[in-house]
Amino acid sequence: MVLLSYSGGAQVATGAVEELHTQLRCPLLLITLGGFHNGANDLTHAEHLHQLTSANDRIEQIAGWIFPQRRRLFRHSGWNRAVRAGKITVHRLDPATHFGPRSHISPTALLPDGRSHLDRTADTVIAVIRAHHDSSLPQGDPLP
């Protein structure tokens with residue numbers, strides 16, 4: 001199961017991990033886009049969390065500053081345990097911003113290769129899901 005969240009939806013997605021694991025007993029892949037969350041939620045039962053962000057995404061960065069559980073000092077927070085377990089992968093979508101005409105999901109802001117920010121974000125999400133799916137297949141099995 002893939003949970004794709006944007007901004008504050010990351011708090012909802014990370015908070016849903018335990019209940020979804022309990023109810024569904026299936027692998028959980030989280031993808032946060034500009035994820036604004038407090039870092040306190042337990043991610044033990046998440047298979048992996050892919051963090052799509054940018055150096056220009058000030059909103060996502062604020063979460064790291066205002067929520068102590070996202071700081072390294074709080075070693076036992078859900079976020080920092082997941083970081084140490086290798087469950088967090090960061091994907092840079094520079095120079096996108098959190099919102100506005102240059103946002104991660106802007107159909108008009110263009111990259112040097114001619115793609116829009118929206119196209120690159122969609123391409124990244126699809127690539128993450130495909131890579132995760134391909135790596136979870138047993139060796140030798142054909143793709144569905």
# chains A, B, ... in the order shown; residues from 1 in each chain; ligands from 1
call {"tool": "residues_around", "arguments": {"residues": "Pro95 (chain A)", "least_positions_apart": "5", "cutoff": "7 Å", "atoms": "only C-alpha atoms", "output": "list in words"}}
result
Ser54, Ala55 and Asn56 of chain A
call {"tool": "select_by_dssp", "arguments": {"residues": "chain A", "states": "alpha helix (DSSP H)", "output": "ChimeraX atom specification"}}
result
/A:9-24,58-66,78-84,117-136
call {"tool": "write_last_selection", "arguments": {"atoms": "C-alpha atoms", "output": "PDB file, in the first residue's frame"}}
result
ATOM      1  CA  GLY A   9      -0.988  15.273   5.048  1.00  0.00           C
ATOM      2  CA  ALA A  10       2.362  13.783   6.083  1.00  0.00           C
ATOM      3  CA  GLN A  11       1.216  14.041   9.706  1.00  0.00           C
ATOM      4  CA  VAL A  12      -1.917  12.083   8.829  1.00  0.00           C
ATOM      5  CA  ALA A  13       0.005   9.473   6.814  1.00  0.00           C
ATOM      6  CA  THR A  14       2.683   8.887   9.463  1.00  0.00           C
ATOM      7  CA  GLY A  15      -0.014   8.770  12.121  1.00  0.00           C
ATOM      8  CA  ALA A  16      -1.964   6.140  10.176  1.00  0.00           C
ATOM      9  CA  VAL A  17       0.908   3.643   9.932  1.00  0.00           C
ATOM     10  CA  GLU A  18       0.177   1.661  13.094  1.00  0.00           C
ATOM     11  CA  GLU A  19      -3.573   1.363  12.497  1.00  0.00           C
ATOM     12  CA  LEU A  20      -3.147   0.422   8.845  1.00  0.00           C
ATOM     13  CA  HIS A  21      -0.552  -2.171   9.768  1.00  0.00           C
ATOM     14  CA  THR A  22      -2.848  -3.613  12.415  1.00  0.00           C
ATOM     15  CA  GLN A  23      -5.898  -3.698  10.148  1.00  0.00           C
ATOM     16  CA  LEU A  24      -4.380  -4.617   6.776  1.00  0.00           C
ATOM     17  CA  ARG A  58      10.575  26.582   3.537  1.00  0.00           C
ATOM     18  CA  ILE A  59       7.367  25.076   4.927  1.00  0.00           C
ATOM     19  CA  GLU A  60       8.832  21.561   5.050  1.00  0.00           C
ATOM     20  CA  GLN A  61      12.020  22.939   6.611  1.00  0.00           C
ATOM     21  CA  ILE A  62      10.051  24.734   9.324  1.00  0.00           C
ATOM     22  CA  ALA A  63       8.781  21.354  10.567  1.00  0.00           C
ATOM     23  CA  GLY A  64      12.365  20.320  11.241  1.00  0.00           C
ATOM     24  CA  TRP A  65      12.910  23.497  13.231  1.00  0.00           C
ATOM     25  CA  ILE A  66       9.722  23.737  15.266  1.00  0.00           C
ATOM     26  CA  GLY A  78       9.771   7.857  15.730  1.00  0.00           C
ATOM     27  CA  TRP A  79      11.453   9.943  13.030  1.00  0.00           C
ATOM     28  CA  ASN A  80      14.989   9.503  14.344  1.00  0.00           C
ATOM     29  CA  ARG A  81      14.536   5.769  14.912  1.00  0.00           C
ATOM     30  CA  ALA A  82      13.394   5.482  11.271  1.00  0.00           C
ATOM     31  CA  VAL A  83      16.385   7.536  10.108  1.00  0.00           C
ATOM     32  CA  ARG A  84      18.776   5.238  11.997  1.00  0.00           C
ATOM     33  CA  HIS A 117       7.725  20.889 -11.755  1.00  0.00           C
ATOM     34  CA  LEU A 118       4.499  18.876 -11.756  1.00  0.00           C
ATOM     35  CA  ASP A 119       5.845  16.473 -14.394  1.00  0.00           C
ATOM     36  CA  ARG A 120       9.081  15.950 -12.470  1.00  0.00           C
ATOM     37  CA  THR A 121       7.208  15.368  -9.209  1.00  0.00           C
ATOM     38  CA  ALA A 122       4.890  12.861 -10.889  1.00  0.00           C
ATOM     39  CA  ASP A 123       7.865  11.146 -12.561  1.00  0.00           C
ATOM     40  CA  THR A 124       9.630  10.897  -9.203  1.00  0.00           C
ATOM     41  CA  VAL A 125       6.590   9.442  -7.436  1.00  0.00           C
ATOM     42  CA  ILE A 126       6.105   6.871 -10.206  1.00  0.00           C
ATOM     43  CA  ALA A 127       9.807   5.948 -10.183  1.00  0.00           C
ATOM     44  CA  VAL A 128       9.791   5.485  -6.394  1.00  0.00           C
ATOM     45  CA  ILE A 129       6.745   3.218  -6.542  1.00  0.00           C
ATOM     46  CA  ARG A 130       8.136   1.201  -9.457  1.00  0.00           C
ATOM     47  CA  ALA A 131      11.544   0.795  -7.798  1.00  0.00           C
ATOM     48  CA  HIS A 132       9.905  -0.291  -4.559  1.00  0.00           C
ATOM     49  CA  HIS A 133       7.625  -2.725  -6.378  1.00  0.00           C
ATOM     50  CA  ASP A 134      10.509  -4.161  -8.435  1.00  0.00           C
ATOM     51  CA  SER A 135      12.719  -4.611  -5.351  1.00  0.00           C
ATOM     52  CA  SER A 136       9.942  -6.393  -3.460  1.00  0.00           C
TER      53      SER A 136
END
call {"tool": "select_by_dssp", "arguments": {"residues": "chain A", "states": "strand (DSSP E or B)", "output": "ChimeraX atom specification"}}
result
/A:2-6,29-33,48-53,56,88-92,97,103,110,116
call {"tool": "closest_residue", "arguments": {"among": "A:Phe67, A:Val2, A:Lys87, A:Asp94", "to": "Leu110 (chain A)", "atoms": "only C-alpha atoms"}}
result
A:Asp94
call {"tool": "atom_distance", "arguments": {"atom1": "CA of Ser5 (chain A)", "atom2": "CA of Thr89 (chain A)"}}
result
15.1 Å
